[in-house]
4 protein chains.
Amino acid sequence: MLEAPVLAVNMKAYGNAFGSGARDLARAASRIASSTGVRVILVAPLVNAVLLASIYDDVYAQHADPVGFGAHTGFTPPEALAAEGVKGVLINHSEHKMLYRDVEKVAELAKKAGLEVLACADTPGEAAGLAYLPVDMIAVEPPELIGTGIPVSKAKPEVITGALEAVGRVRSLPVLAGAGITGGEDAARAVELGASGVLVASAVMKASNPEAKMRELAEAMVKLWRKM
Amino acid sequence: MLEAPVLAVNMKAYGNAFGSGARDLARAASRIASSTGVRVILVAPLVNAVLLASIYDDVYAQHADPVGFGAHTGFTPPEALAAEGVKGVLINHSEHKMLYRDVEKVAELAKKAGLEVLACADTPGEAAGLAYLPVDMIAVEPPELIGTGIPVSKAKPEVITGALEAVGRVRSLPVLAGAGITGGEDAARAVELGASGVLVASAVMKASNPEAKMRELAEAMVKLWRKM
Amino acid sequence: MLEAPVLAVNMKAYGNAFGSGARDLARAASRIASSTGVRVILVAPLVNAVLLASIYDDVYAQHADPVGFGAHTGFTPPEALAAEGVKGVLINHSEHKMLYRDVEKVAELAKKAGLEVLACADTPGEAAGLAYLPVDMIAVEPPELIGTGIPVSKAKPEVITGALEAVGRVRSLPVLAGAGITGGEDAARAVELGASGVLVASAVMKASNPEAKMRELAEAMVKLWRKM
Amino acid sequence: MLEAPVLAVNMKAYGNAFGSGARDLARAASRIASSTGVRVILVAPLVNAVLLASIYDDVYAQHADPVGFGAHTGFTPPEALAAEGVKGVLINHSEHKMLYRDVEKVAELAKKAGLEVLACADTPGEAAGLAYLPVDMIAVEPPELIGTGIPVSKAKPEVITGALEAVGRVRSLPVLAGAGITGGEDAARAVELGASGVLVASAVMKASNPEAKMRELAEAMVKLWRKM
């Protein structure tokens, strides 16, 4: 088990994921992590992940490509993220699916470069396959709930428990839950079901006060975590 | 006609396109542009284009995706590049081909966001199609010569003149030549054939002294330009 | 100019594009071609193009891949279509876009194998690029009108005339018009604007009587053709 | 356990996978199946799977797309294969990889249409994920051995046993082995390791006598099968 629950915030490509909004978010993430003890991972766009990593130390990029250094115009080698100070990478998100063999290649290159890897799955079955790869965490998100505000932890708890079981058959690995997570209660429910934390996007990015929303999610999880 | 020839340096994803090597290159590009009067465009990886744009003001990103701001994990809206201070974007490179409709969409979004667009073509025919889109420059590069050191301006001058003719049938637009350009003589020959400059990658990125190589290419073009 | 106008019927993957419905359509196409003098091209699904070609001699496949004979599981070399008796191939349809370089490769392989090629374009600009390739006809279809019943020849005549002009700058080549063509009047209008015929799909495939609909479209075009 | 071992012959897009060579192969497959008792599945190109299915009843197509009947130019709905008399479909071959979610969709559509599904995996991990989908068999093939003549059953037996174990953790499902299988001995060795048969391509398609090669592979497997 992890020492603390994880709050992974996927900034996606929302307007406030760039420019000064992004810098504010990085500073807020730092404050929430310090004050709650929750691990807050900021999953940043490719174009400013490096910049945000200079403000906050727990920044992942939203994608990397299955290539090493070389003649690859416009592609992002995992090694390049490491060279520029980014800590990890999220791959295979529902909005950016890759072939299994490419997920494998990125995971291997990332691991070799010293990057952490969070791989996403739509279903328990997809999660099972990913558990065979050198990834550090898996996030399961039913695509039909992403961005809906209908929380996976309430509407489809069997996806979370199914993913935990499917991954558990392979090896011990933290599983985050995502899709439709809107408030502290949804996040706590995911942890209660066995998840090691949540992956959220619109709940924070579209909140009138993103820092307050991160705090709400973090505090609800940590409260439950201490009891477990 | 442009006021000065263009030297576009595609950093690709070579090892020295990241970390301190990249910063050095940005400073060198700035010096070459100042001292020769050639327009030096540094075509940077997605992950450090923003950072390099804070060092040198003529930085393009190597790619952008056909999306606006929104829920697009790991994709790069042209608008995001503009919001982060990048000046332009290279699209449709031989190593990163897109559907024609996606090139169109990126070009339109980029234009709307105030970004310059340099679109690449393999052949005169592909260049003709691109000339109908809101792009600022076209670079023609026969893919079979890229990275070979066999300069297009000598081995396949008809690709350059063919592209100039094909684009010219549509509208007046600067055309750069690329693929295999290795030294000043190759660059000058491209300008002599009617190109507005060159797009290079390995010649500079793999040079023992990238700044000296940029200077050689820039000086050879500018010398000829003044005579024309 | 062609000897007769072209009615290209894209069967797509509608339910009646398979099984006995498909055989009936092939026989109907044969009758319409004989009785009206219009060239009726039946654009068939990959899985039954060969079978339909044994019933009617003017059958095209709906796609081919940029590969020759070899180890390409589940892909269709143009050469294979020729070897199995199919007459031509439609490529780059709005629902099946390819990279420009792949359109080029398929066109070249098809030509070499003796297949006719009908390439699709969304816009005049895309059509201009295709005119540089070894294709026999170009069909222009604004994607936003496909399947709507709003005929391109009435709603966006400038796309047809623009494509004719853009292609004409490159070389002499028949251009078909498509998208939203519903009845004889729409087809005649396209011919009046300069198109060599029409590419239709739902108008015929979803008609209660596909043969009657083909007859209506063919007769309207041929009537006008004779006057021109 | 299956009643008889499986010999799946992937015709790929080799020259003799089309025209009269293909018809001969279908007749030969029929004879081998009858005389040896082995289940011989002929995995045919999209363009002649229907035709071959009228000669031999155990024909699979080499691919299908994740779409139902409708406006999908050049794509192949699983339902269409069923409507045209094809028995099954091979998906996710190493030469035609799909996203996991697309494999899932094709498998579901195929199942609903009454088609059998053979899904391919590069590795035990990929096989584990596929075992969660409604497929009938899984074939594991290390891509680096395909077409080499270096048999997986000898060079990488751990891939076969690893896949058997990974799939077995999920559910009971026949696993075929493939890549580099050249002769009867390699096929027997795969069965000995626990595979339910083999998936071969070049061994048969490039043999001077494809029927003799199929016989050799079938007889070696069935001999061992009877002892088990």
# chains A, B, ... in the order shown; residues from 1 in each chain; ligands from 1
>>> select_by_dssp(residues="stretch 37-86 of chain B", states="strand (DSSP E or B)", output="ChimeraX atom specification")
/B:39-44,59-61,70
>>> write_last_selection(atoms="N, CA and C atoms", output="PDB file, in the first residue's frame")
ATOM      1  N   ARG B  39      17.034  35.210 -41.503  1.00  0.00           N
ATOM      2  CA  ARG B  39      16.032  34.863 -40.505  1.00  0.00           C
ATOM      3  C   ARG B  39      16.272  33.420 -40.069  1.00  0.00           C
ATOM      4  N   VAL B  40      16.643  33.240 -38.814  1.00  0.00           N
ATOM      5  CA  VAL B  40      16.893  31.892 -38.290  1.00  0.00           C
ATOM      6  C   VAL B  40      15.690  31.462 -37.454  1.00  0.00           C
ATOM      7  N   ILE B  41      14.991  30.422 -37.924  1.00  0.00           N
ATOM      8  CA  ILE B  41      13.849  29.893 -37.174  1.00  0.00           C
ATOM      9  C   ILE B  41      14.297  28.610 -36.490  1.00  0.00           C
ATOM     10  N   LEU B  42      14.129  28.578 -35.188  1.00  0.00           N
ATOM     11  CA  LEU B  42      14.498  27.384 -34.437  1.00  0.00           C
ATOM     12  C   LEU B  42      13.231  26.559 -34.246  1.00  0.00           C
ATOM     13  N   VAL B  43      13.205  25.361 -34.823  1.00  0.00           N
ATOM     14  CA  VAL B  43      12.014  24.514 -34.756  1.00  0.00           C
ATOM     15  C   VAL B  43      12.215  23.509 -33.622  1.00  0.00           C
ATOM     16  N   ALA B  44      11.536  23.776 -32.517  1.00  0.00           N
ATOM     17  CA  ALA B  44      11.857  23.111 -31.252  1.00  0.00           C
ATOM     18  C   ALA B  44      10.893  21.983 -30.900  1.00  0.00           C
ATOM     19  N   VAL B  59      11.109  31.135 -32.396  1.00  0.00           N
ATOM     20  CA  VAL B  59      10.979  29.695 -32.146  1.00  0.00           C
ATOM     21  C   VAL B  59       9.629  29.180 -32.651  1.00  0.00           C
ATOM     22  N   TYR B  60       9.687  28.091 -33.380  1.00  0.00           N
ATOM     23  CA  TYR B  60       8.477  27.382 -33.820  1.00  0.00           C
ATOM     24  C   TYR B  60       8.422  26.057 -33.060  1.00  0.00           C
ATOM     25  N   ALA B  61       7.235  25.529 -32.849  1.00  0.00           N
ATOM     26  CA  ALA B  61       7.106  24.162 -32.334  1.00  0.00           C
ATOM     27  C   ALA B  61       7.099  23.196 -33.521  1.00  0.00           C
ATOM     28  N   GLY B  70      -9.578  22.349 -24.650  1.00  0.00           N
ATOM     29  CA  GLY B  70     -10.624  21.426 -24.211  1.00  0.00           C
ATOM     30  C   GLY B  70     -10.070  20.126 -23.659  1.00  0.00           C
TER      31      GLY B  70
END
>>> residues_around(residues="C:Arg169", least_positions_apart="6", cutoff="12 Å", atoms="only C-alpha atoms", output="PyMOL selection string")
(chain B and resi 128-129+165-171) or (chain C and resi 124-125+127-129+131-132+162-163)
>>> residues_around(residues="stretch 54-56 of chain A", least_positions_apart="6", cutoff="10 Å", atoms="only C-alpha atoms", output="PyMOL selection string")
chain A and resi 23-31+41-42+84-86
>>> interface_residues(of="chain A", to="chain B", cutoff="10 Å", atoms="only C-alpha atoms", output="MDAnalysis selection string")
chainID A and resid 10:20 43:51 61:64 67:77 79:86 90:97 146:147 201:202
>>> select_by_dssp(residues="stretch 65-175 of chain A", states="alpha helix (DSSP H)", output="PyMOL selection string")
chain A and resi 78-83+100-113+124-130+152-155+157-168
>>> write_last_selection(atoms="N, CA and C atoms", output="short mmCIF file (atom, residue, chain, number, x, y, z; two decimals), in the first residue's frame")
data_model
loop_
_atom_site.label_atom_id
_atom_site.label_comp_id
_atom_site.auth_asym_id
_atom_site.auth_seq_id
_atom_site.Cartn_x
_atom_site.Cartn_y
_atom_site.Cartn_z
N PRO A 78 10.37 9.59 -23.99
CA PRO A 78 10.34 9.62 -22.52
C PRO A 78 11.65 10.19 -21.96
N GLU A 79 12.75 9.81 -22.57
CA GLU A 79 14.07 10.29 -22.16
C GLU A 79 14.14 11.82 -22.13
N ALA A 80 13.44 12.47 -23.07
CA ALA A 80 13.47 13.93 -23.14
C ALA A 80 12.76 14.54 -21.94
N LEU A 81 11.67 13.91 -21.52
CA LEU A 81 10.96 14.40 -20.34
C LEU A 81 11.87 14.32 -19.12
N ALA A 82 12.57 13.20 -19.00
CA ALA A 82 13.48 13.03 -17.87
C ALA A 82 14.60 14.07 -17.93
N ALA A 83 15.15 14.27 -19.13
CA ALA A 83 16.25 15.23 -19.29
C ALA A 83 15.84 16.64 -18.92
N TYR A 100 -1.18 -1.56 -27.61
CA TYR A 100 -0.56 -2.19 -26.45
C TYR A 100 0.97 -2.22 -26.57
N ARG A 101 1.44 -2.55 -27.76
CA ARG A 101 2.90 -2.64 -27.93
C ARG A 101 3.58 -1.28 -27.79
N ASP A 102 2.86 -0.20 -28.09
CA ASP A 102 3.44 1.13 -27.92
C ASP A 102 3.40 1.55 -26.45
N VAL A 103 2.34 1.17 -25.75
CA VAL A 103 2.31 1.42 -24.31
C VAL A 103 3.50 0.70 -23.67
N GLU A 104 3.72 -0.53 -24.11
CA GLU A 104 4.84 -1.30 -23.58
C GLU A 104 6.18 -0.59 -23.85
N LYS A 105 6.34 -0.11 -25.07
CA LYS A 105 7.61 0.53 -25.42
C LYS A 105 7.82 1.82 -24.63
N VAL A 106 6.77 2.63 -24.51
CA VAL A 106 6.90 3.87 -23.74
C VAL A 106 7.21 3.55 -22.28
N ALA A 107 6.52 2.54 -21.73
CA ALA A 107 6.75 2.19 -20.32
C ALA A 107 8.20 1.76 -20.11
N GLU A 108 8.71 0.96 -21.04
CA GLU A 108 10.09 0.49 -20.90
C GLU A 108 11.10 1.64 -21.02
N LEU A 109 10.87 2.50 -22.00
CA LEU A 109 11.77 3.64 -22.18
C LEU A 109 11.69 4.59 -20.99
N ALA A 110 10.50 4.77 -20.45
CA ALA A 110 10.30 5.68 -19.32
C ALA A 110 11.03 5.13 -18.09
N LYS A 111 10.83 3.84 -17.88
CA LYS A 111 11.45 3.19 -16.73
C LYS A 111 12.98 3.35 -16.80
N LYS A 112 13.51 3.10 -17.99
CA LYS A 112 14.96 3.20 -18.20
C LYS A 112 15.46 4.63 -17.96
N ALA A 113 14.61 5.60 -18.27
CA ALA A 113 15.01 7.00 -18.11
C ALA A 113 14.76 7.50 -16.69
N PRO A 124 -11.46 -3.36 -16.60
CA PRO A 124 -10.61 -4.32 -15.88
C PRO A 124 -9.73 -5.14 -16.84
N GLY A 125 -10.28 -5.54 -17.97
CA GLY A 125 -9.50 -6.34 -18.92
C GLY A 125 -8.30 -5.59 -19.43
N GLU A 126 -8.50 -4.33 -19.80
CA GLU A 126 -7.36 -3.56 -20.28
C GLU A 126 -6.34 -3.37 -19.15
N ALA A 127 -6.84 -3.16 -17.93
CA ALA A 127 -5.95 -2.99 -16.78
C ALA A 127 -5.10 -4.24 -16.55
N ALA A 128 -5.70 -5.41 -16.75
CA ALA A 128 -4.97 -6.67 -16.56
C ALA A 128 -3.75 -6.72 -17.48
N GLY A 129 -3.95 -6.37 -18.73
CA GLY A 129 -2.83 -6.38 -19.67
C GLY A 129 -1.74 -5.40 -19.25
N LEU A 130 -2.13 -4.21 -18.82
CA LEU A 130 -1.16 -3.18 -18.44
C LEU A 130 -0.34 -3.59 -17.22
N VAL A 152 -17.70 7.35 -11.19
CA VAL A 152 -17.48 5.91 -11.34
C VAL A 152 -17.67 5.18 -10.03
N SER A 153 -17.26 5.82 -8.93
CA SER A 153 -17.29 5.13 -7.63
C SER A 153 -18.72 4.87 -7.16
N LYS A 154 -19.65 5.61 -7.73
CA LYS A 154 -21.06 5.36 -7.37
C LYS A 154 -21.82 4.66 -8.48
N ALA A 155 -21.59 5.10 -9.73
CA ALA A 155 -22.36 4.56 -10.84
C ALA A 155 -21.86 3.19 -11.31
N PRO A 157 -19.23 1.01 -9.49
CA PRO A 157 -18.19 0.56 -8.55
C PRO A 157 -17.55 -0.75 -8.99
N GLU A 158 -18.31 -1.56 -9.75
CA GLU A 158 -17.77 -2.86 -10.17
C GLU A 158 -16.58 -2.70 -11.13
N VAL A 159 -16.46 -1.54 -11.78
CA VAL A 159 -15.28 -1.31 -12.63
C VAL A 159 -14.04 -1.15 -11.76
N ILE A 160 -14.21 -0.47 -10.64
CA ILE A 160 -13.08 -0.30 -9.71
C ILE A 160 -12.71 -1.63 -9.07
N THR A 161 -13.70 -2.30 -8.51
CA THR A 161 -13.38 -3.56 -7.84
C THR A 161 -12.91 -4.62 -8.86
N GLY A 162 -13.50 -4.58 -10.05
CA GLY A 162 -13.07 -5.51 -11.10
C GLY A 162 -11.63 -5.26 -11.51
N ALA A 163 -11.25 -3.99 -11.60
CA ALA A 163 -9.87 -3.66 -11.98
C ALA A 163 -8.91 -4.06 -10.87
N LEU A 164 -9.31 -3.84 -9.63
CA LEU A 164 -8.46 -4.24 -8.51
C LEU A 164 -8.22 -5.75 -8.54
N GLU A 165 -9.27 -6.48 -8.84
CA GLU A 165 -9.15 -7.94 -8.87
C GLU A 165 -8.29 -8.39 -10.06
N ALA A 166 -8.56 -7.80 -11.22
CA ALA A 166 -7.83 -8.19 -12.43
C ALA A 166 -6.33 -7.88 -12.31
N VAL A 167 -6.04 -6.70 -11.77
CA VAL A 167 -4.63 -6.32 -11.59
C VAL A 167 -4.01 -7.20 -10.51
N GLY A 168 -4.76 -7.44 -9.45
CA GLY A 168 -4.26 -8.24 -8.33
C GLY A 168 -3.88 -9.66 -8.73
#
